[in-house]
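Student: Dropping in work_7.pdb, which is PDB, C-alpha atoms and all ligand atoms:
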```
ATOM      1  CA  MET L   1      23.354  10.347  32.332
ATOM      2  CA  ASN L   2      21.833   8.851  29.192
ATOM      3  CA  LEU L   3      20.644   5.665  30.843
ATOM      4  CA  SER L   4      16.986   4.860  31.174
ATOM      5  CA  ALA L   5      15.222   1.530  30.723
ATOM      6  CA  ASP L   6      12.422   3.435  28.965
ATOM      7  CA  LYS L   7      14.721   4.492  26.139
ATOM      8  CA  THR L   8      14.625   2.343  23.040
ATOM      9  CA  VAL L   9      17.457  -0.051  22.316
ATOM     10  CA  ARG L  10      18.202   1.986  19.187
ATOM     11  CA  GLU L  11      18.511   5.232  21.161
ATOM     12  CA  LEU L  12      20.918   3.631  23.629
ATOM     13  CA  ALA L  13      22.890   2.026  20.785
ATOM     14  CA  THR L  14      23.455   5.391  19.142
ATOM     15  CA  GLU L  15      24.125   7.332  22.361
ATOM     16  CA  ILE L  16      26.470   5.051  24.284
ATOM     17  CA  PRO L  17      29.793   3.992  22.758
ATOM     18  CA  ASN L  18      30.214   0.209  22.879
ATOM     19  CA  ALA L  19      26.527  -0.350  23.731
ATOM     20  CA  THR L  20      26.176  -2.449  20.571
ATOM     21  CA  ARG L  21      28.836  -4.873  21.845
ATOM     22  CA  ILE L  22      26.841  -5.318  25.041
ATOM     23  CA  PHE L  23      23.593  -5.861  23.148
ATOM     24  CA  GLU L  24      25.373  -8.387  20.939
ATOM     25  CA  LYS L  25      26.611 -10.276  23.988
ATOM     26  CA  PHE L  26      23.130 -10.472  25.492
ATOM     27  CA  GLY L  27      21.429 -11.266  22.181
ATOM     28  CA  ILE L  28      19.389  -8.030  22.125
ATOM     29  CA  ASP L  29      18.384  -6.928  18.627
ATOM     30  CA  TYR L  30      19.585  -3.336  18.186
ATOM     31  CA  CYS L  31      19.238  -2.901  14.438
ATOM     32  CA  CYS L  32      15.974  -3.834  12.716
ATOM     33  CA  GLY L  33      14.131  -4.590  15.979
ATOM     34  CA  GLY L  34      15.781  -1.764  17.944
ATOM     35  CA  GLY L  35      12.600   0.291  18.281
ATOM     36  CA  LYS L  36      11.544  -1.386  21.552
ATOM     37  CA  PRO L  37      12.226   0.117  24.994
ATOM     38  CA  LEU L  38      15.165  -1.643  26.703
ATOM     39  CA  GLN L  39      12.891  -2.973  29.409
ATOM     40  CA  ALA L  40      10.649  -4.754  26.896
ATOM     41  CA  ALA L  41      13.631  -6.048  24.886
ATOM     42  CA  CYS L  42      15.144  -7.638  28.028
ATOM     43  CA  ARG L  43      11.833  -9.197  28.985
ATOM     44  CA  GLN L  44      11.469 -10.644  25.518
ATOM     45  CA  ALA L  45      15.026 -12.037  25.514
ATOM     46  CA  HIS L  46      14.555 -13.437  29.078
ATOM     47  CA  ILE L  47      17.538 -11.563  30.453
ATOM     48  CA  SER L  48      18.041  -9.442  33.524
ATOM     49  CA  LEU L  49      17.411  -5.742  32.918
ATOM     50  CA  ASP L  50      19.580  -4.867  35.929
ATOM     51  CA  GLU L  51      22.536  -6.765  34.541
ATOM     52  CA  VAL L  52      22.252  -5.079  31.133
ATOM     53  CA  LEU L  53      21.896  -1.662  32.787
ATOM     54  CA  ARG L  54      25.005  -2.340  34.875
ATOM     55  CA  CYS L  55      27.040  -3.193  31.775
ATOM     56  CA  LEU L  56      25.726  -0.106  29.972
ATOM     57  CA  GLU L  57      26.602   2.048  32.956
ATOM     58  CA  ASP L  58      30.183   0.738  32.861
ATOM     59  CA  ALA L  59      30.349   1.394  29.119
ATOM     60  CA  GLU L  60      29.059   4.913  29.614
ATOM     61  CA  ALA L  61      31.618   5.618  32.306
ATOM     62  CA  SER L  62      34.523   4.406  30.167
ATOM     63  CA  LEU L  63      35.944   6.844  27.682
ATOM     64  CA  PRO L  64      35.398   6.037  24.011
ATOM     65  CA  ASP L  65      38.545   5.023  22.195
ATOM     66  CA  ALA L  66      38.964   8.023  19.937
ATOM     67  CA  THR L  67      41.714   6.438  17.890
ATOM     68  CA  SER L  68      39.796   3.393  16.724
ATOM     69  CA  GLU L  69      36.198   4.585  16.593
ATOM     70  CA  LEU L  70      34.853   7.097  14.147
ATOM     71  CA  ASP L  71      32.453   9.563  15.758
ATOM     72  CA  PHE L  72      29.343   8.396  13.924
ATOM     73  CA  HIS L  73      27.295  11.415  15.051
ATOM     74  CA  ASN L  74      29.675  14.021  13.681
ATOM     75  CA  ALA L  75      31.741  12.364  10.956
ATOM     76  CA  GLY L  76      31.013  13.537   7.409
ATOM     77  CA  LEU L  77      28.653  11.242   5.513
ATOM     78  CA  THR L  78      31.345  10.566   2.921
ATOM     79  CA  GLU L  79      33.655   9.522   5.735
ATOM     80  CA  LEU L  80      30.962   7.336   7.255
ATOM     81  CA  ILE L  81      30.369   5.662   3.887
ATOM     82  CA  ALA L  82      34.110   5.037   3.492
ATOM     83  CA  HIS L  83      34.111   3.379   6.904
ATOM     84  CA  ILE L  84      31.074   1.188   6.056
ATOM     85  CA  LEU L  85      32.649   0.124   2.773
ATOM     86  CA  ALA L  86      36.054  -0.666   4.229
ATOM     87  CA  ALA L  87      34.961  -2.251   7.495
ATOM     88  CA  HIS L  88      31.738  -4.009   6.513
ATOM     89  CA  HIS L  89      31.230  -4.398   2.746
ATOM     90  CA  GLY L  90      34.837  -5.561   2.487
ATOM     91  CA  TYR L  91      34.329  -8.029   5.323
ATOM     92  CA  VAL L  92      31.128  -9.504   3.847
ATOM     93  CA  LYS L  93      32.771  -9.978   0.446
ATOM     94  CA  HIS L  94      35.797 -11.612   2.031
ATOM     95  CA  GLU L  95      33.824 -13.923   4.325
ATOM     96  CA  ILE L  96      31.177 -15.218   1.904
ATOM     97  CA  PRO L  97      33.538 -17.423  -0.162
ATOM     98  CA  ARG L  98      35.364 -18.606   2.968
ATOM     99  CA  ILE L  99      32.129 -19.620   4.731
ATOM    100  CA  LYS L 100      30.765 -21.274   1.578
ATOM    101  CA  GLN L 101      33.957 -23.321   1.357
ATOM    102  CA  LEU L 102      33.697 -24.364   5.006
ATOM    103  CA  LEU L 103      30.032 -25.276   4.517
ATOM    104  CA  LEU L 104      30.892 -27.444   1.541
ATOM    105  CA  LYS L 105      33.362 -29.428   3.610
ATOM    106  CA  VAL L 106      31.302 -29.690   6.810
ATOM    107  CA  VAL L 107      28.043 -30.568   5.010
ATOM    108  CA  ALA L 108      29.763 -33.292   2.950
ATOM    109  CA  VAL L 109      31.179 -34.997   6.040
ATOM    110  CA  HIS L 110      28.564 -34.372   8.756
ATOM    111  CA  CYS L 111      25.181 -33.872   7.088
ATOM    112  CA  ALA L 112      24.060 -37.472   7.717
ATOM    113  CA  GLY L 113      24.464 -37.079  11.472
ATOM    114  CA  HIS L 114      23.407 -33.422  11.538
ATOM    115  CA  PRO L 115      20.673 -32.913   8.920
ATOM    116  CA  GLU L 116      20.153 -29.281  10.056
ATOM    117  CA  LEU L 117      23.405 -28.462   8.222
ATOM    118  CA  ALA L 118      21.578 -28.641   4.872
ATOM    119  CA  GLY L 119      19.292 -25.837   6.068
ATOM    120  CA  VAL L 120      22.285 -23.819   7.300
ATOM    121  CA  GLN L 121      23.892 -24.116   3.879
ATOM    122  CA  ARG L 122      20.692 -23.215   2.011
ATOM    123  CA  THR L 123      19.969 -20.241   4.255
ATOM    124  CA  PHE L 124      23.525 -18.913   4.091
ATOM    125  CA  HIS L 125      23.638 -19.157   0.279
ATOM    126  CA  ALA L 126      20.339 -17.261  -0.015
ATOM    127  CA  LEU L 127      21.573 -14.632   2.469
ATOM    128  CA  ALA L 128      24.856 -14.264   0.591
ATOM    129  CA  ASP L 129      23.089 -13.712  -2.754
ATOM    130  CA  GLU L 130      20.744 -11.198  -1.181
ATOM    131  CA  LEU L 131      23.593  -9.313   0.505
ATOM    132  CA  LEU L 132      25.771  -9.104  -2.584
ATOM    133  CA  GLY L 133      22.880  -7.627  -4.598
ATOM    134  CA  HIS L 134      21.982  -5.301  -1.746
ATOM    135  CA  MET L 135      25.505  -3.965  -1.304
ATOM    136  CA  MET L 136      25.829  -3.415  -5.045
ATOM    137  CA  LYS L 137      22.733  -1.161  -4.987
ATOM    138  CA  GLU L 138      24.248   0.800  -2.114
ATOM    139  CA  GLU L 139      27.646   1.076  -3.785
ATOM    140  CA  VAL L 140      26.403   1.966  -7.272
ATOM    141  CA  VAL L 141      23.304   4.071  -6.577
ATOM    142  CA  LEU L 142      22.638   5.168  -3.009
ATOM    143  CA  PHE L 143      26.062   5.886  -1.513
ATOM    144  CA  PRO L 144      27.339   7.932  -4.507
ATOM    145  CA  TYR L 145      24.130   9.975  -4.328
ATOM    146  CA  ILE L 146      24.618  10.661  -0.606
ATOM    147  CA  GLU L 147      28.204  11.754  -1.326
ATOM    148  CA  LYS L 148      26.965  14.133  -4.047
ATOM    149  CA  LEU L 149      24.280  15.433  -1.717
ATOM    150  CA  GLU L 150      26.877  16.226   0.945
ATOM    151  CA  GLN L 151      29.194  17.849  -1.592
ATOM    152  CA  ALA L 152      26.355  20.052  -2.886
ATOM    153  CA  ALA L 153      25.361  21.056   0.654
ATOM    154  CA  SER L 154      28.927  21.974   1.577
ATOM    155  CA  THR L 155      29.328  24.227  -1.478
ATOM    156  CA  GLY L 156      25.861  25.780  -1.154
ATOM    157  CA  LYS L 157      24.618  24.217  -4.396
ATOM    158  CA  PRO L 158      21.119  22.704  -4.838
ATOM    159  CA  ALA L 159      20.704  18.979  -4.199
ATOM    160  CA  PRO L 160      21.553  16.831  -7.254
ATOM    161  CA  ARG L 161      18.658  15.328  -9.205
ATOM    162  CA  ALA L 162      17.976  11.727  -8.273
ATOM    163  CA  PRO L 163      16.406   9.106 -10.562
ATOM    164  CA  PHE L 164      14.535   7.672  -7.574
ATOM    165  CA  GLY L 165      12.809  10.867  -6.377
ATOM    166  CA  SER L 166      13.317  11.419  -2.665
ATOM    167  CA  ILE L 167      16.148   9.580  -0.933
ATOM    168  CA  ARG L 168      13.467   8.153   1.362
ATOM    169  CA  ASN L 169      12.494   5.742  -1.440
ATOM    170  CA  PRO L 170      15.785   3.808  -1.804
ATOM    171  CA  VAL L 171      16.313   4.064   1.969
ATOM    172  CA  ARG L 172      12.961   2.364   2.552
ATOM    173  CA  MET L 173      13.965  -0.385   0.140
ATOM    174  CA  MET L 174      17.373  -0.857   1.824
ATOM    175  CA  GLU L 175      15.716  -1.036   5.240
ATOM    176  CA  MET L 176      13.322  -3.709   4.011
ATOM    177  CA  GLU L 177      16.266  -5.699   2.695
ATOM    178  CA  HIS L 178      18.047  -5.277   6.047
ATOM    179  CA  GLN L 179      14.971  -6.709   7.710
ATOM    180  CA  SER L 180      15.056  -9.694   5.404
ATOM    181  CA  SER L 181      18.776 -10.308   6.125
ATOM    182  CA  GLY L 182      17.987 -10.015   9.842
ATOM    183  CA  SER L 183      15.359 -12.756   9.504
ATOM    184  CA  ALA L 184      17.854 -15.008   7.711
ATOM    185  CA  LEU L 185      20.374 -14.466  10.536
ATOM    186  CA  GLU L 186      17.731 -15.334  13.088
ATOM    187  CA  HIS L 187      16.952 -18.517  11.195
ATOM    188  CA  LEU L 188      20.664 -19.440  11.117
ATOM    189  CA  ARG L 189      20.922 -18.808  14.848
ATOM    190  CA  ASN L 190      17.979 -21.127  15.520
ATOM    191  CA  LEU L 191      19.248 -23.852  13.213
ATOM    192  CA  THR L 192      22.692 -23.839  14.853
ATOM    193  CA  SER L 193      21.498 -23.536  18.503
ATOM    194  CA  ALA L 194      23.055 -20.078  18.668
ATOM    195  CA  TYR L 195      26.201 -21.250  16.830
ATOM    196  CA  THR L 196      26.990 -23.990  19.329
ATOM    197  CA  PRO L 197      28.838 -26.838  17.630
ATOM    198  CA  PRO L 198      28.151 -30.418  18.806
ATOM    199  CA  GLU L 199      30.473 -31.671  21.531
ATOM    200  CA  ASN L 200      32.516 -33.937  19.287
ATOM    201  CA  ALA L 201      32.690 -31.409  16.427
ATOM    202  CA  CYS L 202      35.800 -31.395  14.258
ATOM    203  CA  PHE L 203      37.948 -28.300  13.742
ATOM    204  CA  SER L 204      36.190 -27.303  10.478
ATOM    205  CA  TYR L 205      32.768 -27.564  12.135
ATOM    206  CA  LYS L 206      33.894 -25.287  14.993
ATOM    207  CA  THR L 207      35.553 -22.865  12.565
ATOM    208  CA  LEU L 208      32.356 -22.706  10.507
ATOM    209  CA  TYR L 209      30.156 -21.902  13.507
ATOM    210  CA  ALA L 210      32.628 -19.305  14.815
ATOM    211  CA  ALA L 211      32.710 -17.695  11.348
ATOM    212  CA  LEU L 212      28.902 -17.609  11.163
ATOM    213  CA  LYS L 213      28.706 -16.048  14.615
ATOM    214  CA  ASP L 214      31.203 -13.325  13.658
ATOM    215  CA  PHE L 215      29.340 -12.791  10.384
ATOM    216  CA  GLU L 216      26.135 -12.191  12.347
ATOM    217  CA  ALA L 217      27.784  -9.688  14.727
ATOM    218  CA  ASP L 218      29.359  -7.794  11.829
ATOM    219  CA  LEU L 219      26.086  -7.601   9.912
ATOM    220  CA  HIS L 220      24.253  -6.285  12.985
ATOM    221  CA  GLN L 221      26.832  -3.496  13.357
ATOM    222  CA  HIS L 222      26.749  -2.802   9.596
ATOM    223  CA  VAL L 223      22.950  -2.457   9.518
ATOM    224  CA  HIS L 224      23.023  -0.376  12.707
ATOM    225  CA  LEU L 225      25.383   2.151  11.103
ATOM    226  CA  GLU L 226      23.225   2.448   7.998
ATOM    227  CA  ASN L 227      19.750   2.393   9.615
ATOM    228  CA  ASN L 228      20.565   4.507  12.662
ATOM    229  CA  PHE L 229      23.287   6.909  11.480
ATOM    230  CA  LEU L 230      23.821   7.139   7.711
ATOM    231  CA  PHE L 231      20.237   6.995   6.448
ATOM    232  CA  PRO L 232      18.585   9.380   8.959
ATOM    233  CA  ARG L 233      21.426  11.883   8.537
ATOM    234  CA  ALA L 234      21.166  11.679   4.715
ATOM    235  CA  ILE L 235      17.375  12.206   4.900
ATOM    236  CA  ALA L 236      17.910  15.234   7.152
ATOM    237  CA  LEU L 237      20.496  16.651   4.727
ATOM    238  CA  GLU L 238      18.094  16.237   1.793
ATOM    239  CA  GLY L 239      15.424  18.052   3.836
ATOM    240  CA  GLN L 240      17.740  21.051   4.250
ATOM    241  CA  GLY L 241      18.303  21.403   0.487
TER
HETATM  242 FE    FE U 301      25.838  -1.762   3.494
HETATM  243 FE    FE U 302      22.668  -2.040   3.782
END
```
Would you encode the structure as structure tokens?

Tutor:
Amino acid sequence: MNLSADKTVRELATEIPNATRIFEKFGIDYCCGGGKPLQAACRQAHISLDEVLRCLEDAEASLPDATSELDFHNAGLTELIAHILAAHHGYVKHEIPRIKQLLLKVVAVHCAGHPELAGVQRTFHALADELLGHMMKEEVVLFPYIEKLEQAASTGKPAPRAPFGSIRNPVRMMEMEHQSSGSALEHLRNLTSAYTPPENACFSYKTLYAALKDFEADLHQHVHLENNFLFPRAIALEGQG
């Protein structure tokens, strides 16, 4: 049994398949703020620890779906990177123009009655710019280096030379940028009352808020995979070389 309210949210998120979906549902931060014990995280989010534990227990008892989920503990790092690129970088790049388009329409029509929409648009544009630059650094510099590191380790060769010294340096920078994206998401959540459209909202308004909510959930999962699986495993691999 892996379950204990004293374990950190991050530990539970990496140990129990589907735990991240449960944390998402309850609004528990499992990526950048995942270092807190579950008990404290529930108290802070004003939710019942017993209810969360019950859901986690059910998740633990159910078998992981081996066909759809990569085993993030044991998959090769190159495989993990391919998954992050296909499932998350691809999604972010696809959703940014769609959400910007929706924002354009909704802000033009509803901003007078809902002035908070201007802040939603500003915050999303800043987040989008930050994310596109961030992902480019991962795709051009960090991920190819991790792939080379894994290749060298598997053929018994020394670790490749890196322009940035230890891999801990770019990882630290990526984690700081994740933190900044997390703050932007939190701001969006506050501005939109947790992505709840007004009662009389039109279809575009509802579509926009649903898209922003999905964008948030995807980014949490994306950051979780990098912060809690890819980066620590890459640092450990470098340490072996
Ligand atoms: Fe990424
Ligand atoms: Fe990242």

Student: The PyMOL selection byres (((not hetatm)) within 9 of (chain U and resi 301)) on the file shown: which residues, as a ChimeraX atom specification?

Tutor: /L:81,84-85,88-89,131,134-136,138-139,174,178,219,222-223,225-226

Student: On this structure, the PyMOL selection byres (((chain L and resi 29-42) around 12) and not hetatm) would catch which residues? List them as an MDAnalysis selection string, sorted by chain and number.

Tutor: chainID L and resid 3:14 19:28 43:53 56 174:183 185:186 216:229

Student: Enter the distance from atom CA of Ile99 of chain L to atom CA of Asp214 of chain L, in Å, rounded to one decimal.

Tutor: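 Distance reported for this atom pair: 11.0 Å.
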
Student: Can you list, as a ChimeraX atom specification, every protein, DNA or RNA residue that comes within 12 Å of segment 195-197 of chain L when you count all atoms listed in the file, leaving out same-chain residues fewer than 3 positions away?

Tutor: /L:106,110,114,116-117,120,185-192,200-217

Student: Provide the atom CA of Tyr91 of chain L to atom CA of Gly119 of chain L distance in Å, to one decimal place.

Tutor: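 The value is 23.3 Å.
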
Student: Can you tell me which residues surround Pro97 of chain L at a distance of at most 12 Å, considering only C-alpha atoms, apart from same-chain residues fewer than 5 positions away, and format the answer as a PDB file with C-alpha atoms, in the frame of the given file?

Tutor:
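The resulting around.pdb:
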```
ATOM      1  CA  TYR L  91      34.329  -8.029   5.323  1.00  0.00           C
ATOM      2  CA  VAL L  92      31.128  -9.504   3.847  1.00  0.00           C
ATOM      3  CA  LEU L 102      33.697 -24.364   5.006  1.00  0.00           C
ATOM      4  CA  LEU L 103      30.032 -25.276   4.517  1.00  0.00           C
ATOM      5  CA  LEU L 104      30.892 -27.444   1.541  1.00  0.00           C
ATOM      6  CA  PHE L 124      23.525 -18.913   4.091  1.00  0.00           C
ATOM      7  CA  HIS L 125      23.638 -19.157   0.279  1.00  0.00           C
ATOM      8  CA  ALA L 128      24.856 -14.264   0.591  1.00  0.00           C
ATOM      9  CA  ASP L 129      23.089 -13.712  -2.754  1.00  0.00           C
ATOM     10  CA  LEU L 132      25.771  -9.104  -2.584  1.00  0.00           C
ATOM     11  CA  LEU L 208      32.356 -22.706  10.507  1.00  0.00           C
ATOM     12  CA  ALA L 211      32.710 -17.695  11.348  1.00  0.00           C
TER      13      ALA L 211
END
```

Student: In Å, how far is it from atom CA of Pro17 of chain L to atom CA of Leu80 of chain L?

Tutor: 15.9 Å

Student: Can you report as AutoDock Vina command-line options the centre and edge lengths in Å, to one decimal, of an axis-aligned box around the listed atoms of segment 212-216 of chain L padded with 5 Å on each side?

Tutor:
```
--center_x 28.7 --center_y -14.9 --center_z 12.5 --size_x 15.1 --size_y 15.4 --size_z 14.2
```

Student: I would like the residues chosen by the PyMOL selection byres (((chain L and resi 142) around 12) and not hetatm) on the shown file; could you give them as a PyMOL selection string?

Tutor: chain L and resi 78+81+134-141+143-149+162-174+226+230-231+234-235

Student: Taking only C-alpha atoms and all ligand atoms into account, which of L:Glu130, L:Glu69, L:Pro115, L:Glu238 comes nearest ligand FE 302 (chain U)?

Tutor: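 Comparing L:Glu130, L:Glu69, L:Pro115, L:Glu238 against ligand FE 302 (chain U), the winner is L:Glu130.
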